[in-house]
Amino acid sequence: MARIVIFGAGGQIGRRITDEAIRRGHEVTAVEVDAARVKKLPRKANAVEGDATSRDSVQRLAQEADAIVVAVGGVDRPVHANAARTLVDVLPRIGDQAPAVLHVSSGGTLEDDNGQRLVDSPDFPAAERKDALDQVDALDVYRGARNVRWAAIAPPPRNLGQGQRRGAYRTGNDRPVVDAQGEIGISYEDFAIAAVDEVEKPRNRNRRFTVGN
């Protein structure tokens, strides 16, 4: 059993990761910045208020944790990069017992066949560009960090949503995972399985990876 802190536990992805971790018997601290959302978190989790961009919150919640999952989003400010900066500042001060970080990234950080970032493509959805660029900055923060164990898991750039819990997925590095029909995508449920698998048995230490069905 691991002690897992999940920031953004009330979101579409964070809630599924929280549910999956609880399903597997982990001790979960589910964190939301909004008190109203804290009340709606799973009863089997230790639901608390907290902010991944707050040094005080991270310091307090990281002390007894084995892993921190960052699944925040849905705000106008650059929350992803700020959360990464906070974590890489606070965690090294805890020492050797500091938790590992799993950061939920963006499909926009992945590359096409020519090595171009998807977020830089003219076809990338304009409404998602600001968030994806924030995630690019977050990756840069982690990649420049010292004495922090981290991984970033990027969903596919499209076709991510509620669906069947198949219990199977494939992984990739810089490019989206493509199936035999040339399609990309994964359900929230299978994405959560991949995330908790990485927490339990890290295979992508200090790098970004992606998953798909």
# chains A, B, ... in the order shown; residues from 1 in each chain; ligands from 1

$ select_by_dssp --residues "region 16-138 of chain A" --states "strand (DSSP E or B)" --output "ChimeraX atom specification"
/A:27-32,46-49,67-70,100-104,111,117

$ residues_around --residues "Asp51 (chain A)" --least-positions-apart "6" --cutoff "7 Å" --atoms "only C-alpha atoms" --output "PyMOL selection string"
chain A and resi 32-33+57

$ atom_distance --atom1 "CA of Arg3 (chain A)" --atom2 "CA of Gly163 (chain A)"
27.3 Å

$ atom_distance --atom1 "CA of Val58 (chain A)" --atom2 "CA of Arg208 (chain A)"
21.7 Å

$ residues_around --residues "Gly73 (chain A)" --least-positions-apart "2" --cutoff "8 Å" --atoms "only C-alpha atoms" --output "JSON list (two decimals) with N, CA and C atoms, in the first residue's frame"
[["chain", "number", "residue", "atom", "x", "y", "z"],
["A", 8, "GLY", "N", -5.94, 18.04, -7.39],
["A", 8, "GLY", "CA", -6.91, 18.06, -8.48],
["A", 8, "GLY", "C", -7.77, 16.82, -8.49],
["A", 11, "GLY", "N", -11.29, 16.64, -10.39],
["A", 11, "GLY", "CA", -11.43, 16.83, -11.83],
["A", 11, "GLY", "C", -11.73, 15.53, -12.56],
["A", 71, "ALA", "N", -2.86, 16.53, -10.92],
["A", 71, "ALA", "CA", -3.88, 16.43, -11.98],
["A", 71, "ALA", "C", -4.75, 17.68, -11.98],
["A", 75, "VAL", "N", -8.13, 26.29, -14.81],
["A", 75, "VAL", "CA", -8.04, 27.67, -14.32],
["A", 75, "VAL", "C", -7.28, 28.51, -15.36],
["A", 79, "VAL", "N", -1.20, 27.31, -13.96],
["A", 79, "VAL", "CA", -1.14, 26.46, -12.78],
["A", 79, "VAL", "C", -0.15, 25.31, -12.93],
["A", 80, "HIS", "N", 0.01, 24.77, -14.12],
["A", 80, "HIS", "CA", 0.87, 23.60, -14.29],
["A", 80, "HIS", "C", 2.33, 23.93, -14.03]]

$ select_by_dssp --residues "region 21-180 of chain A" --states "helix (DSSP H, G or I)" --output "ChimeraX atom specification"
/A:21-23,35-38,55-62,79-94,107-109,118-120,126-143

$ closest_atom_pairs --of "region 33-115 of chain A" --to "region 172-188 of chain A" --cutoff "9 Å" --atoms "only C-alpha atoms" --output "tab-separated table"
residue	atom	partner	partner_atom	distance
A:Gly107	CA	A:Pro176	CA	7.7
A:Thr109	CA	A:Asp174	CA	8.3
A:Leu110	CA	A:Asp174	CA	5.3
A:Glu111	CA	A:Arg175	CA	5.1
A:Asp112	CA	A:Arg175	CA	6.1
A:Asp113	CA	A:Arg175	CA	7.5
A:Gly115	CA	A:Asp174	CA	8.5

$ closest_residue --among "A:Ala151, A:Leu118, A:Val90, A:Ala145" --to "Val69 (chain A)" --atoms "only C-alpha atoms"
A:Ala151

$ atom_distance --atom1 "CA of Gly25 (chain A)" --atom2 "CA of Phe209 (chain A)"
25.2 Å

$ residues_around --residues "region 192-202 of chain A" --least-positions-apart "6" --cutoff "8 Å" --atoms "only C-alpha atoms" --output "VMD selection string"
chain A and resid 2 13 16 to 17 20 to 21 67 102 153 167 169 211

$ write_last_selection --atoms "N, CA and C atoms" --output "tab-separated table (two decimals), in the first residue's frame"
chain	number	residue	atom	x	y	z
A	2	ALA	N	0.56	2.18	-0.86
A	2	ALA	CA	1.29	3.44	-0.92
A	2	ALA	C	0.42	4.56	-0.38
A	13	ILE	N	-9.98	13.76	-14.72
A	13	ILE	CA	-8.89	12.79	-14.64
A	13	ILE	C	-8.54	12.49	-13.19
A	16	ARG	N	-10.81	9.98	-11.49
A	16	ARG	CA	-10.60	8.59	-11.91
A	16	ARG	C	-9.33	8.02	-11.29
A	17	ILE	N	-8.28	8.83	-11.21
A	17	ILE	CA	-7.05	8.34	-10.58
A	17	ILE	C	-7.29	8.08	-9.10
A	20	GLU	N	-9.24	4.84	-8.82
A	20	GLU	CA	-8.40	3.68	-9.14
A	20	GLU	C	-7.43	3.37	-8.00
A	21	ALA	N	-6.86	4.40	-7.41
A	21	ALA	CA	-5.93	4.18	-6.30
A	21	ALA	C	-6.65	3.59	-5.09
A	67	ALA	N	3.97	9.22	-2.87
A	67	ALA	CA	3.85	9.75	-4.23
A	67	ALA	C	2.88	10.91	-4.23
A	102	LEU	N	4.08	12.34	-10.03
A	102	LEU	CA	3.51	11.99	-11.33
A	102	LEU	C	2.65	13.16	-11.77
A	153	ILE	N	2.87	12.09	-17.40
A	153	ILE	CA	2.06	11.22	-18.25
A	153	ILE	C	1.14	12.08	-19.11
A	167	GLY	N	-8.87	-1.97	-18.93
A	167	GLY	CA	-7.77	-2.52	-18.15
A	167	GLY	C	-6.53	-2.78	-18.97
A	169	TYR	N	-3.70	-0.89	-21.97
A	169	TYR	CA	-3.24	0.32	-22.64
A	169	TYR	C	-1.84	0.04	-23.17
A	211	VAL	N	0.22	7.47	-23.20
A	211	VAL	CA	-0.49	6.19	-23.24
A	211	VAL	C	-1.66	6.27	-24.22

$ closest_residue --among "A:His26, A:Arg60, A:Arg55, A:Arg146" --to "Thr86 (chain A)" --atoms "only C-alpha atoms"
A:Arg55
